[in-house]
Structure formats: C-alpha cells, structure tokens
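Enquirer: Handing over coords-v7.csv, CSV, C-alpha atoms.
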```
chain,number,residue,atom,x,y,z
A,1,THR,CA,12.7,-16.9,117.3
A,2,LYS,CA,12.9,-18.6,120.7
A,3,MET,CA,15.6,-17.8,123.2
A,4,LYS,CA,17.7,-20.6,124.8
A,5,PHE,CA,15.9,-20.1,128.1
A,6,CYS,CA,13.9,-22.8,129.9
A,7,ASN,CA,14.1,-21.9,133.6
A,8,PRO,CA,10.8,-22.2,135.4
A,9,ILE,CA,9.0,-18.8,135.5
A,10,LEU,CA,6.3,-17.6,137.9
A,11,VAL,CA,3.8,-14.9,136.8
A,12,VAL,CA,2.1,-13.2,139.7
A,13,GLY,CA,-1.3,-11.8,138.7
A,14,PHE,CA,-3.2,-12.4,135.4
A,15,GLY,CA,-4.7,-9.2,134.4
A,16,SER,CA,-4.1,-7.7,131.0
A,17,ILE,CA,-0.4,-7.1,131.5
A,18,GLY,CA,0.1,-10.5,133.2
A,19,ARG,CA,-1.6,-12.2,130.2
A,20,ARG,CA,0.6,-10.2,127.8
A,21,HIS,CA,3.8,-11.2,129.5
A,22,THR,CA,2.7,-14.9,129.9
A,23,ASN,CA,2.0,-15.1,126.1
A,24,ASN,CA,5.2,-13.4,125.2
A,25,LEU,CA,7.1,-15.8,127.5
A,26,LEU,CA,5.3,-18.8,125.9
A,27,SER,CA,6.3,-17.6,122.5
A,28,ILE,CA,10.0,-16.6,123.0
A,29,THR,CA,11.1,-19.1,125.7
A,30,ASN,CA,10.8,-22.8,126.4
A,31,SER,CA,10.1,-22.2,130.1
A,32,PRO,CA,7.4,-23.9,132.1
A,33,ILE,CA,5.1,-21.1,133.4
A,34,THR,CA,3.2,-21.1,136.7
A,35,ILE,CA,0.5,-18.4,137.1
A,36,LEU,CA,-0.6,-17.2,140.5
A,37,SER,CA,-4.2,-15.9,140.1
A,38,LYS,CA,-7.5,-15.9,142.0
A,39,ARG,CA,-9.4,-15.4,138.8
A,40,LYS,CA,-12.0,-18.1,138.2
A,41,ASN,CA,-12.6,-17.1,134.5
A,42,ILE,CA,-9.2,-18.0,132.9
A,43,THR,CA,-9.8,-20.1,129.8
A,44,LYS,CA,-7.7,-21.6,127.1
A,45,ASN,CA,-8.6,-18.6,125.0
A,46,ASP,CA,-6.4,-16.5,127.3
A,47,PHE,CA,-3.3,-18.3,125.9
A,48,ILE,CA,-1.6,-18.3,122.5
A,49,ASN,CA,-1.4,-21.8,120.8
A,50,TYR,CA,-3.0,-23.3,124.0
A,51,ASN,CA,-2.9,-26.9,122.7
A,52,LYS,CA,0.7,-26.7,121.9
A,53,ASN,CA,1.6,-24.9,125.1
A,54,LYS,CA,-0.8,-26.4,127.7
A,55,LYS,CA,1.8,-28.8,129.2
A,56,ARG,CA,3.9,-25.7,130.1
A,57,ILE,CA,1.1,-23.9,132.0
A,58,LYS,CA,0.0,-24.4,135.6
A,59,ILE,CA,-2.4,-22.1,137.4
A,60,TYR,CA,-2.7,-21.9,141.2
A,61,SER,CA,-4.4,-19.5,143.6
A,62,LYS,CA,-1.9,-19.9,146.4
A,63,ILE,CA,1.7,-18.7,146.4
A,64,ASP,CA,3.0,-21.7,148.3
A,65,LYS,CA,1.7,-24.0,145.7
A,66,CYS,CA,3.4,-21.9,143.0
A,67,LEU,CA,6.7,-22.0,144.9
A,68,GLU,CA,6.7,-25.9,144.8
A,69,GLU,CA,7.3,-25.5,141.0
A,70,LYS,CA,10.7,-24.0,142.0
A,71,PRO,CA,10.6,-20.9,139.8
A,72,SER,CA,14.0,-19.2,139.2
A,73,VAL,CA,12.4,-15.9,138.0
A,74,ALA,CA,9.1,-14.2,138.7
A,75,PHE,CA,7.1,-11.6,136.8
A,76,ILE,CA,5.2,-9.5,139.3
A,77,THR,CA,2.2,-8.1,137.4
A,78,ASN,CA,-0.6,-7.7,140.0
A,79,GLU,CA,-2.0,-4.5,141.5
A,80,THR,CA,0.6,-1.8,142.2
A,81,SER,CA,0.0,-1.8,145.9
A,82,LEU,CA,0.9,-5.5,146.2
A,83,HIS,CA,4.2,-5.4,144.1
A,84,VAL,CA,6.6,-4.9,146.9
A,85,ASN,CA,5.0,-7.4,149.3
A,86,TYR,CA,5.3,-10.2,146.7
A,87,ALA,CA,8.8,-9.0,145.7
A,88,LEU,CA,10.0,-9.3,149.3
A,89,LYS,CA,8.5,-12.8,149.6
A,90,LEU,CA,10.1,-14.0,146.4
A,91,ALA,CA,13.4,-12.2,146.9
A,92,LYS,CA,13.9,-14.1,150.2
A,93,LYS,CA,13.7,-17.3,148.1
A,94,LYS,CA,16.5,-15.9,145.9
A,95,ILE,CA,14.2,-15.6,142.8
A,96,ASP,CA,15.1,-13.0,140.2
A,97,LEU,CA,12.4,-10.5,139.6
A,98,PHE,CA,10.7,-8.5,136.8
A,99,ILE,CA,8.3,-6.0,138.4
A,100,GLU,CA,5.8,-4.3,136.2
A,101,LYS,CA,5.7,-0.5,136.5
A,102,PRO,CA,5.1,1.4,138.6
A,103,LEU,CA,7.4,-0.3,141.2
A,104,SER,CA,5.0,0.6,144.0
A,105,HIS,CA,2.5,3.3,145.3
A,106,SER,CA,4.8,4.2,148.2
A,107,LEU,CA,8.5,3.9,149.2
A,108,LYS,CA,7.6,1.5,152.0
A,109,ASN,CA,9.8,-1.6,152.3
A,110,ILE,CA,11.8,-0.8,149.2
A,111,SER,CA,15.0,-0.4,151.1
A,112,SER,CA,14.5,-3.8,152.8
A,113,LEU,CA,13.9,-5.3,149.3
A,114,ASN,CA,17.1,-3.6,148.1
A,115,SER,CA,19.2,-5.1,150.8
A,116,ILE,CA,18.0,-8.7,150.2
A,117,ILE,CA,18.6,-8.3,146.5
A,118,LYS,CA,22.1,-6.9,147.0
A,119,LYS,CA,23.0,-9.7,149.5
A,120,ASN,CA,21.7,-12.4,147.1
A,121,LYS,CA,23.1,-10.8,143.9
A,122,GLN,CA,19.6,-11.1,142.3
A,123,ILE,CA,18.7,-9.6,139.0
A,124,VAL,CA,15.8,-7.2,139.2
A,125,MET,CA,14.2,-5.0,136.5
A,126,ILE,CA,11.2,-2.8,136.6
A,127,GLY,CA,9.1,-2.7,133.4
A,128,CYS,CA,9.9,0.2,131.2
A,129,ASN,CA,8.6,-0.8,127.8
A,130,PHE,CA,8.9,2.7,126.2
A,131,ARG,CA,12.7,2.5,126.5
A,132,PHE,CA,12.3,-0.2,123.8
A,133,TYR,CA,10.2,1.9,121.5
A,134,PRO,CA,12.2,2.7,118.3
A,135,THR,CA,11.3,6.5,118.3
A,136,ILE,CA,12.2,7.0,121.9
A,137,ARG,CA,15.5,5.1,121.6
A,138,LYS,CA,16.3,7.2,118.5
A,139,MET,CA,15.5,10.4,120.3
A,140,LYS,CA,17.8,9.5,123.1
A,141,GLU,CA,20.6,8.6,120.6
A,142,LEU,CA,20.2,12.0,118.9
A,143,VAL,CA,20.3,13.8,122.2
A,144,ASP,CA,23.4,11.9,123.3
A,145,LYS,CA,25.1,12.8,120.0
A,146,LYS,CA,24.3,16.4,120.7
A,147,LEU,CA,22.6,16.7,117.3
A,148,ILE,CA,20.7,19.8,118.5
A,149,GLY,CA,23.4,21.1,120.8
A,150,LYS,CA,22.8,21.7,124.5
A,151,ILE,CA,19.3,20.8,125.5
A,152,ILE,CA,17.4,23.7,127.0
A,153,SER,CA,13.8,22.5,127.4
A,154,VAL,CA,11.5,19.5,126.8
A,155,GLN,CA,7.8,19.0,126.5
A,156,SER,CA,6.3,15.6,126.9
A,157,GLU,CA,2.6,14.6,126.7
A,158,ASN,CA,0.7,11.4,127.2
A,159,SER,CA,-3.1,11.6,126.8
A,160,SER,CA,-5.6,8.7,126.5
A,161,TYR,CA,-9.1,7.8,127.5
A,162,LEU,CA,-9.2,5.3,130.3
A,163,PRO,CA,-12.4,3.4,129.3
A,164,ASP,CA,-10.7,2.6,126.0
A,165,TRP,CA,-7.8,0.8,127.7
A,166,HIS,CA,-9.6,-2.5,128.2
A,167,PRO,CA,-13.0,-2.0,126.5
A,168,ASN,CA,-14.3,-5.4,127.7
A,169,GLU,CA,-13.8,-4.5,131.4
A,170,ASP,CA,-15.4,-1.9,133.7
A,171,TYR,CA,-12.7,0.7,134.0
A,172,SER,CA,-14.1,2.0,137.3
A,173,LYS,CA,-13.4,-1.4,139.0
A,174,GLY,CA,-9.8,-1.7,137.8
A,175,TYR,CA,-6.8,-1.0,140.0
A,176,VAL,CA,-6.0,2.2,137.9
A,177,SER,CA,-9.2,3.8,139.3
A,178,SER,CA,-8.5,2.8,142.9
A,179,LYS,CA,-6.6,4.8,145.5
A,180,ASN,CA,-5.9,1.8,147.7
A,181,LEU,CA,-4.5,-0.3,144.9
A,182,GLY,CA,-2.1,2.4,143.8
A,183,GLY,CA,-3.9,3.7,140.7
A,184,GLY,CA,-4.0,7.2,139.2
A,185,VAL,CA,-2.4,8.7,136.1
A,186,THR,CA,0.8,9.9,137.7
A,187,LEU,CA,1.9,6.4,138.7
A,188,THR,CA,0.2,4.3,136.0
A,189,GLN,CA,1.6,6.5,133.2
A,190,ILE,CA,5.1,6.7,134.8
A,191,HIS,CA,6.5,5.8,131.3
A,192,GLU,CA,7.1,9.5,130.4
A,193,LEU,CA,8.9,10.3,133.7
A,194,ASP,CA,10.9,7.1,133.3
A,195,TYR,CA,12.2,7.9,129.8
A,196,LEU,CA,12.7,11.6,130.5
A,197,ILE,CA,14.9,10.8,133.5
A,198,TRP,CA,16.7,8.1,131.3
A,199,MET,CA,17.4,10.7,128.6
A,200,PHE,CA,18.0,13.9,130.6
A,201,GLY,CA,18.7,13.1,134.3
A,202,TYR,CA,16.9,13.7,137.6
A,203,PRO,CA,15.1,16.8,138.7
A,204,LYS,CA,16.2,19.1,141.5
A,205,LYS,CA,13.0,21.3,141.6
A,206,MET,CA,9.4,20.6,140.7
A,207,LYS,CA,5.9,22.0,140.9
A,208,ALA,CA,2.8,20.1,139.9
A,209,MET,CA,-0.9,20.2,139.6
A,210,VAL,CA,-2.3,16.7,140.2
A,211,GLY,CA,-5.8,15.6,140.9
A,212,LYS,CA,-9.2,14.4,139.7
A,213,PHE,CA,-10.6,17.0,137.3
A,214,SER,CA,-12.8,15.0,134.8
A,215,ASN,CA,-16.1,13.2,135.3
A,216,LEU,CA,-14.5,9.7,135.0
A,217,LYS,CA,-15.6,7.3,137.8
A,218,VAL,CA,-12.2,7.1,139.5
A,219,GLU,CA,-11.0,7.9,143.0
A,220,THR,CA,-7.6,8.8,141.7
A,221,ASP,CA,-5.8,11.6,139.9
A,222,ASP,CA,-6.7,11.7,136.2
A,223,LEU,CA,-4.6,14.8,135.3
A,224,SER,CA,-1.0,15.5,136.2
A,225,VAL,CA,0.7,18.6,134.9
A,226,SER,CA,4.2,19.3,136.1
A,227,LEU,CA,7.1,21.6,135.6
A,228,LEU,CA,10.6,20.2,136.5
A,229,GLU,CA,14.0,21.8,136.6
A,230,LEU,CA,16.6,19.0,136.1
A,231,GLN,CA,20.0,19.0,137.7
A,232,ASN,CA,21.6,20.1,134.4
A,233,LYS,CA,19.2,23.1,134.2
A,234,ILE,CA,16.9,21.5,131.5
A,235,ILE,CA,13.3,22.6,132.0
A,236,VAL,CA,10.7,19.9,131.5
A,237,GLU,CA,6.9,20.3,131.0
A,238,LEU,CA,5.0,17.1,131.5
A,239,HIS,CA,1.3,16.5,130.8
A,240,LEU,CA,-0.4,13.3,131.7
A,241,ASP,CA,-4.1,12.6,131.5
A,242,TYR,CA,-6.4,9.7,130.9
A,243,PHE,CA,-9.7,11.4,130.2
A,244,SER,CA,-9.1,12.6,126.6
A,245,GLY,CA,-9.1,10.1,123.8
A,246,PRO,CA,-7.8,8.9,121.4
A,247,LEU,CA,-4.3,7.9,122.5
A,248,TYR,CA,-1.8,10.7,121.8
A,249,LYS,CA,1.8,11.1,122.9
A,250,ARG,CA,4.4,13.6,121.9
A,251,LEU,CA,7.9,14.7,122.8
A,252,LYS,CA,9.5,18.0,121.8
A,253,ILE,CA,13.1,18.7,122.6
A,254,ARG,CA,14.5,22.2,122.2
A,255,GLY,CA,18.3,22.6,122.0
A,256,SER,CA,20.8,25.4,121.2
A,257,LYS,CA,21.1,24.3,117.6
A,258,GLY,CA,17.5,23.2,116.8
A,259,ILE,CA,14.4,21.3,117.7
A,260,LEU,CA,13.6,17.6,117.7
A,261,SER,CA,9.9,16.6,117.7
A,262,TRP,CA,7.9,13.4,117.5
A,263,ASP,CA,4.2,12.6,118.0
A,264,SER,CA,2.3,9.3,117.9
A,265,ASN,CA,0.0,10.4,115.1
A,266,ASN,CA,2.7,11.0,112.5
A,267,ASN,CA,5.1,8.7,114.2
A,268,GLU,CA,8.2,10.3,112.6
A,269,ILE,CA,11.0,12.3,114.1
A,270,ARG,CA,11.4,15.8,112.6
A,271,ILE,CA,14.4,18.0,113.2
A,272,TYR,CA,14.5,21.8,112.7
A,273,HIS,CA,17.9,23.3,112.1
A,274,HIS,CA,18.3,26.9,113.4
A,275,ILE,CA,21.1,27.5,110.8
A,276,LYS,CA,19.4,25.9,107.8
A,277,LYS,CA,16.0,27.3,108.8
A,278,LYS,CA,14.2,24.2,107.7
A,279,TYR,CA,12.7,20.9,108.9
A,280,SER,CA,13.9,17.5,107.8
A,281,LYS,CA,12.9,13.9,108.8
A,282,ILE,CA,15.1,11.4,110.5
A,283,LYS,CA,15.1,7.7,109.6
A,284,ILE,CA,14.0,5.3,112.3
A,285,LYS,CA,14.9,1.7,111.9
A,286,ASN,CA,12.1,-0.9,112.5
A,287,ASN,CA,9.6,1.8,113.4
A,288,TYR,CA,5.9,1.0,114.0
A,289,LYS,CA,2.8,2.8,115.2
A,290,LEU,CA,1.7,2.4,118.8
A,291,THR,CA,-1.8,1.4,117.6
A,292,GLU,CA,-0.4,-1.3,115.2
A,293,ASN,CA,2.3,-3.3,117.0
A,294,VAL,CA,2.5,-2.2,120.6
A,295,ASN,CA,3.5,-5.8,121.6
A,296,LYS,CA,6.9,-5.5,119.9
A,297,MET,CA,8.4,-3.4,122.6
A,298,TYR,CA,7.2,-5.8,125.3
A,299,ILE,CA,8.9,-8.6,123.5
A,300,ASP,CA,12.1,-6.6,123.1
A,301,GLU,CA,11.9,-5.7,126.8
A,302,ILE,CA,11.6,-9.4,127.9
A,303,LYS,CA,14.4,-10.4,125.5
A,304,TYR,CA,16.7,-7.8,127.1
A,305,PHE,CA,15.7,-8.9,130.6
A,306,ILE,CA,16.4,-12.6,129.9
A,307,SER,CA,19.8,-11.7,128.4
A,308,CYS,CA,20.6,-9.9,131.6
A,309,LEU,CA,19.5,-13.0,133.6
A,310,THR,CA,21.8,-15.3,131.5
A,311,LYS,CA,24.7,-12.9,131.8
A,312,ARG,CA,24.0,-12.2,135.5
A,313,LYS,CA,24.2,-8.5,134.7
A,314,GLN,CA,22.1,-5.8,136.4
A,315,PRO,CA,19.6,-4.3,133.8
A,316,MET,CA,18.8,-0.7,133.2
A,317,ASN,CA,15.9,0.4,135.4
A,318,ASN,CA,16.9,-1.8,138.2
A,319,LEU,CA,15.6,-1.4,141.7
A,320,THR,CA,17.8,1.5,142.7
A,321,GLU,CA,17.1,3.5,139.5
A,322,SER,CA,13.3,2.8,139.6
A,323,ALA,CA,13.0,3.7,143.3
A,324,LYS,CA,14.4,7.1,142.5
A,325,THR,CA,11.9,7.6,139.6
A,326,LEU,CA,9.1,6.5,141.9
A,327,ARG,CA,10.2,9.0,144.5
A,328,VAL,CA,10.0,11.8,141.8
A,329,ALA,CA,6.4,10.7,140.9
A,330,LEU,CA,5.3,10.6,144.6
A,331,ASP,CA,6.9,14.0,145.1
A,332,LEU,CA,4.9,15.4,142.2
A,333,LYS,CA,1.7,14.2,143.8
A,334,LYS,CA,2.8,15.7,147.1
A,335,SER,CA,3.9,19.0,145.7
A,336,SER,CA,0.5,19.4,144.1
A,337,GLY,CA,-1.0,20.1,147.6
A,338,THR,CA,1.4,23.1,148.1
A,339,LYS,CA,-0.1,26.5,147.9
A,340,PHE,CA,1.9,29.0,145.8
A,341,CYS,CA,1.2,32.6,146.2
```
Go ahead and express the file in the form of structure tokens.
Expert:
Amino acid sequence: TKMKFCNPILVVGFGSIGRRHTNNLLSITNSPITILSKRKNITKNDFINYNKNKKRIKIYSKIDKCLEEKPSVAFITNETSLHVNYALKLAKKKIDLFIEKPLSHSLKNISSLNSIIKKNKQIVMIGCNFRFYPTIRKMKELVDKKLIGKIISVQSENSSYLPDWHPNEDYSKGYVSSKNLGGGVTLTQIHELDYLIWMFGYPKKMKAMVGKFSNLKVETDDLSVSLLELQNKIIVELHLDYFSGPLYKRLKIRGSKGILSWDSNNNEIRIYHHIKKKYSKIKIKNNYKLTENVNKMYIDEIKYFISCLTKRKQPMNNLTESAKTLRVALDLKKSSGTKFC
C-alpha cells in the first residue's frame, strides 16, 4: 500500500543500496525521484515497473542540477567517506536526510552537521534496517520485559562472504574493500553494534582485534572480534567477518533466569528456563528468513522514516545517537592497535 507522501526526493548515489531505496520509494510513495549518479550504465531494468514510473524519475550527474528539482528530503547512499560532505551541503538547503549506514568513516564535520540540523529543526535518520527485523525487535521486547531476568552477557555474530554480496560486481573494486572510501567489516557491518547498543546501552570499556586476516583482495579489515563491557556491566562478545560464507548471524543473551537465542539458519527464538530446565520456542509475528525477504525490513524502515517526516518527529537512530555508535566502532578499530601484556 502506498503512503500519502509525494514530496520530491533526491537519492544520492545509485549503487545496490541506492537502487534498493529508489525502488522501494517508487513502490510506496507517489514522490518524484531525482537520482544523483555518475554511472553511465543505468538502464530501465534498474527500476521496478519502469514504464509506469518513468515520468517520476530523473537522473543527473551534477548536484546543482538535482537541487533545481527542489527536493524536500534526500537519501544519501553513496560511498561512506562522502556521506557527511553531501549531508552538509543538503542540510544547508534545509533538506531532511536519510543517511545510509555507517554514518561516516570518521567523526570529522559531524558536529557542524549537527548544529545546522538543530538550528533548522531537520529530520535526520541513519539507516538501521535490522531494528526493523521481526526477530531482533522481538528479542528487544523480551529483554525489556525482563523475561530472562537481569542480563549478564551477550554474544553476537555476523559472518558472510564478501564476493557473494553482489555476485555480478568485482568485490575488490567496491567501496567496502577500500580504505579511503570508508570500507571494512567493522563499519560496513555496524548493524550488530547498532542493535546491541539499542537493546543494552553504550559500552564503557572495550578491547578488540581488528584487521585483515583472510586472503580476500581488500585493503580493509575483514575480521573484527571485540569484547565490550557496557555501562550496566553487561559483557558483550561481538564477532564480525566477511570472509566466511554462507551468511550467518546469531544472537545469544544470557540472563539471571535463562537464555534467549536466535540464529539466521533456524530463524526462531528459543528460550531456556533455568527453573523449568527446558527449552521452548517463542512466537514471532510476521517473521521471515533473511535469504527470502530481506527487502521487507528496508520497506518498514522507509515507512517509519516517512512517518517521522510527516509528524516532524525525530526518529530513532538520529544523528546524535548514530554519531555515538560510530564513535564506538572507530574506537574498536583504534583499540586493536593497543598491545596488551
């Protein structure tokens, strides 16, 4: 179902995530969409229902040309290292922003961006699609209800094989593989850090091993293993890599009354009760496997963002929140260089 939203939208960058957001916006809004891209190979096959939607699509290679279309909201989906530059340029024009994760590859200029946004009362959200995944939302709900009592420790893992992400492209040429463009597994897979902080709060201490350990053709970190102590004394073990396929994610939460666990293969939440000494399954509404309907959470994310725009209400994972999470990710990369004896 379409939302009652027809404000002009600008999409900056037309890689795989830019294409995904563009097609989702075409299908759930009535907005005209301007795309900023230097790609020469965009064809009508890149769009859903092109013949029906073609009047709504314009593509330019210069930002000034895009701004002539008077967008009221922009989706920034280009390389990580360019996010904040474009956000600054657009924020000065009082355009609301959706910035794809990670927010940036450094903290540079984020505070200037923040002050412009506060002054203009702009709505800004950083992409965090896993907060819209039914199992993660359910896990958070169960933690908040104290179903397994006081949380003591958490294990989170995200493993995949980079060449499988976009099989038709050369992975070694993508921004994910490039140091200058802000790639690497710690930043690109910031999803886990994002939802862990959302569920359990910020860390006060951390140690990490981050670097390139596999034989992938990348100049960035491909393995990130960290240990975090959160402000509420919860201990988190986080494993991220993109050299081991197939895609596998898991989350295990240990509490004083039991254990909650989920993994992407079984895609069900199991609870172990210390008193009953047995496992049981927990129902998840509208659940789906990551390999089957990954686009659903992106649609839910955009619907949420648009509802925040129409209500003029700051979304979750706004600039302040996301900048804190980015700082944690950058600190993990930094702490990896520390020698512990």
Enquirer: Counting all atoms listed in the file, what is within 6 Å of range 260-266 of chain A, bar same-chain residues fewer than 3 positions away, as a list in words?
Expert: Tyr248, Lys249, Arg250, Leu251, Lys252, Ile253, Ile269, Arg270 and Ile271 of chain A
Enquirer: With all atoms listed in the file counted and 12 Å as the cut-off, give the residues of range 72-173 of chain A in contact with range 214-230 of chain A, each with its shortest interatomic distance in Å and the pair that gives it, as JSON lines.
Expert:
```
{"residue": "A:Ile151", "atom": "CA", "partner": "A:Leu230", "partner_atom": "CA", "distance": 11.1}
{"residue": "A:Ile152", "atom": "CA", "partner": "A:Leu230", "partner_atom": "CA", "distance": 10.3}
{"residue": "A:Ser153", "atom": "CA", "partner": "A:Glu229", "partner_atom": "CA", "distance": 9.2}
{"residue": "A:Val154", "atom": "CA", "partner": "A:Leu228", "partner_atom": "CA", "distance": 9.8}
{"residue": "A:Gln155", "atom": "CA", "partner": "A:Leu227", "partner_atom": "CA", "distance": 9.5}
{"residue": "A:Ser156", "atom": "CA", "partner": "A:Ser226", "partner_atom": "CA", "distance": 10.1}
{"residue": "A:Glu157", "atom": "CA", "partner": "A:Val225", "partner_atom": "CA", "distance": 9.3}
{"residue": "A:Asn158", "atom": "CA", "partner": "A:Ser224", "partner_atom": "CA", "distance": 10.0}
{"residue": "A:Ser159", "atom": "CA", "partner": "A:Leu223", "partner_atom": "CA", "distance": 9.2}
{"residue": "A:Ser160", "atom": "CA", "partner": "A:Asp222", "partner_atom": "CA", "distance": 10.2}
{"residue": "A:Tyr161", "atom": "CA", "partner": "A:Leu216", "partner_atom": "CA", "distance": 9.4}
{"residue": "A:Leu162", "atom": "CA", "partner": "A:Leu216", "partner_atom": "CA", "distance": 8.3}
{"residue": "A:Pro163", "atom": "CA", "partner": "A:Leu216", "partner_atom": "CA", "distance": 8.8}
{"residue": "A:Asp170", "atom": "CA", "partner": "A:Lys217", "partner_atom": "CA", "distance": 10.1}
{"residue": "A:Tyr171", "atom": "CA", "partner": "A:Lys217", "partner_atom": "CA", "distance": 8.1}
{"residue": "A:Ser172", "atom": "CA", "partner": "A:Lys217", "partner_atom": "CA", "distance": 5.5}
{"residue": "A:Lys173", "atom": "CA", "partner": "A:Val218", "partner_atom": "CA", "distance": 8.6}
```
Enquirer: Sorted by chain and rising residue number, list the residues of range 261-326 of chain A at most 9 Å from range 10-32 of chain A (counting all atoms listed in the file), each with its closest atom pair and distance in Å to one decimal, as CSV.
Expert:
```
residue,atom,partner,partner_atom,distance
A:Asn295,CA,A:Arg20,CA,8.1
A:Tyr298,CA,A:His21,CA,7.6
A:Ile299,CA,A:Asn24,CA,6.3
A:Ile302,CA,A:Leu25,CA,7.8
A:Lys303,CA,A:Ile28,CA,8.0
```
Enquirer: Can you pull out every residue within 9 Å of Gly258 in chain A, counting all atoms listed in the file, but drop anything in the same chain fewer than 4 positions away, and send it as a list in words?
Expert: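 Everything that qualifies: Leu147, Ile148, Gly149, Ile253, Arg254, Ile271, Tyr272, His273, His274 and Ile275 of chain A.
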Enquirer: Pull the closest atom pair for each residue of range 199-246 of chain A that gets at most 12 Å from range 307-325 of chain A, along with the distance in Å to one decimal, counting all atoms listed in the file, ordering rows by chain and then ascending residue number, as a tab-separated table.
Expert:
```
residue	atom	partner	partner_atom	distance
A:Gly201	CA	A:Thr325	CA	10.2
A:Tyr202	CA	A:Thr325	CA	8.1
A:Pro203	CA	A:Thr325	CA	9.8
```
Enquirer: So how far away is CA of Tyr133 in chain A from CA of Gly245 in chain A, in Å?
Expert: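 Result for CA of Gly245 in chain A versus CA of Tyr133 in chain A: 21.1 Å, one decimal.
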Enquirer: Could you give me, as a list in words, the residues within 7 Å of Ile95 in chain A, counting only C-alpha atoms and dropping anything in the same chain fewer than 2 positions from it?
Expert: Ser72, Val73, Ala74, Leu90, Ala91, Lys93 and Leu97 of chain A
Enquirer: Grab the CA of Lys283 in chain A to CA of Thr135 in chain A distance for me, in Å with one decimal place.
Expert: 9.6 Å
Enquirer: Could you list, as a list in words, every residue within 12 Å of Met209 in chain A, counting all atoms listed in the file and ignoring same-chain residues fewer than 2 positions away?
Expert: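 These residues fall inside the cut-off: Thr186, Met206, Lys207, Gly211, Lys212, Phe213, Asp221, Asp222, Leu223, Ser224, Val225, Ser226, Leu227, Leu228, Glu237, Leu238, His239, Leu240, Asp241, Asp331, Leu332, Lys333, Lys334, Ser335, Ser336, Gly337, Thr338, Lys339 and Phe340 of chain A.
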Enquirer: Using the selection just defined, write its residues with C-alpha atoms as an mmCIF file, keeping the file's coordinate frame.
Expert:
```
data_model
loop_
_atom_site.group_PDB
_atom_site.id
_atom_site.type_symbol
_atom_site.label_atom_id
_atom_site.label_comp_id
_atom_site.auth_asym_id
_atom_site.auth_seq_id
_atom_site.Cartn_x
_atom_site.Cartn_y
_atom_site.Cartn_z
ATOM 1 C CA THR A 186 0.800 9.900 137.700
ATOM 2 C CA MET A 206 9.400 20.600 140.700
ATOM 3 C CA LYS A 207 5.900 22.000 140.900
ATOM 4 C CA GLY A 211 -5.800 15.600 140.900
ATOM 5 C CA LYS A 212 -9.200 14.400 139.700
ATOM 6 C CA PHE A 213 -10.600 17.000 137.300
ATOM 7 C CA ASP A 221 -5.800 11.600 139.900
ATOM 8 C CA ASP A 222 -6.700 11.700 136.200
ATOM 9 C CA LEU A 223 -4.600 14.800 135.300
ATOM 10 C CA SER A 224 -1.000 15.500 136.200
ATOM 11 C CA VAL A 225 0.700 18.600 134.900
ATOM 12 C CA SER A 226 4.200 19.300 136.100
ATOM 13 C CA LEU A 227 7.100 21.600 135.600
ATOM 14 C CA LEU A 228 10.600 20.200 136.500
ATOM 15 C CA GLU A 237 6.900 20.300 131.000
ATOM 16 C CA LEU A 238 5.000 17.100 131.500
ATOM 17 C CA HIS A 239 1.300 16.500 130.800
ATOM 18 C CA LEU A 240 -0.400 13.300 131.700
ATOM 19 C CA ASP A 241 -4.100 12.600 131.500
ATOM 20 C CA ASP A 331 6.900 14.000 145.100
ATOM 21 C CA LEU A 332 4.900 15.400 142.200
ATOM 22 C CA LYS A 333 1.700 14.200 143.800
ATOM 23 C CA LYS A 334 2.800 15.700 147.100
ATOM 24 C CA SER A 335 3.900 19.000 145.700
ATOM 25 C CA SER A 336 0.500 19.400 144.100
ATOM 26 C CA GLY A 337 -1.000 20.100 147.600
ATOM 27 C CA THR A 338 1.400 23.100 148.100
ATOM 28 C CA LYS A 339 -0.100 26.500 147.900
ATOM 29 C CA PHE A 340 1.900 29.000 145.800
#
```
Enquirer: Of the candidates A:Leu181, A:Ile63, A:Ile190, A:Leu330, which shows the shortest atom-to-atom distance to Ile126 in chain A, using only C-alpha atoms?
Expert: A:Ile190
Enquirer: Determine the nearest neighbour of Lys108 in chain A from the options A:Lys44, A:Phe75, A:Ser81, A:Arg131, counting only C-alpha atoms.
Expert: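 Distance minimum relative to Lys108 in chain A lands on A:Ser81.
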Enquirer: Mind giving me the straight-line distance from CA of Ser61 in chain A to CA of Asn78 in chain A in Å, one decimal?
Expert: 12.9 Å
Enquirer: Which polymer residues have any atom within 12 Å of an atom of Ser115 in chain A, counting all atoms listed in the file, with same-chain residues fewer than 5 positions away left out, as a PyMOL selection string?
Expert: chain A and resi 88+91-92+109-110+120-122+319-320
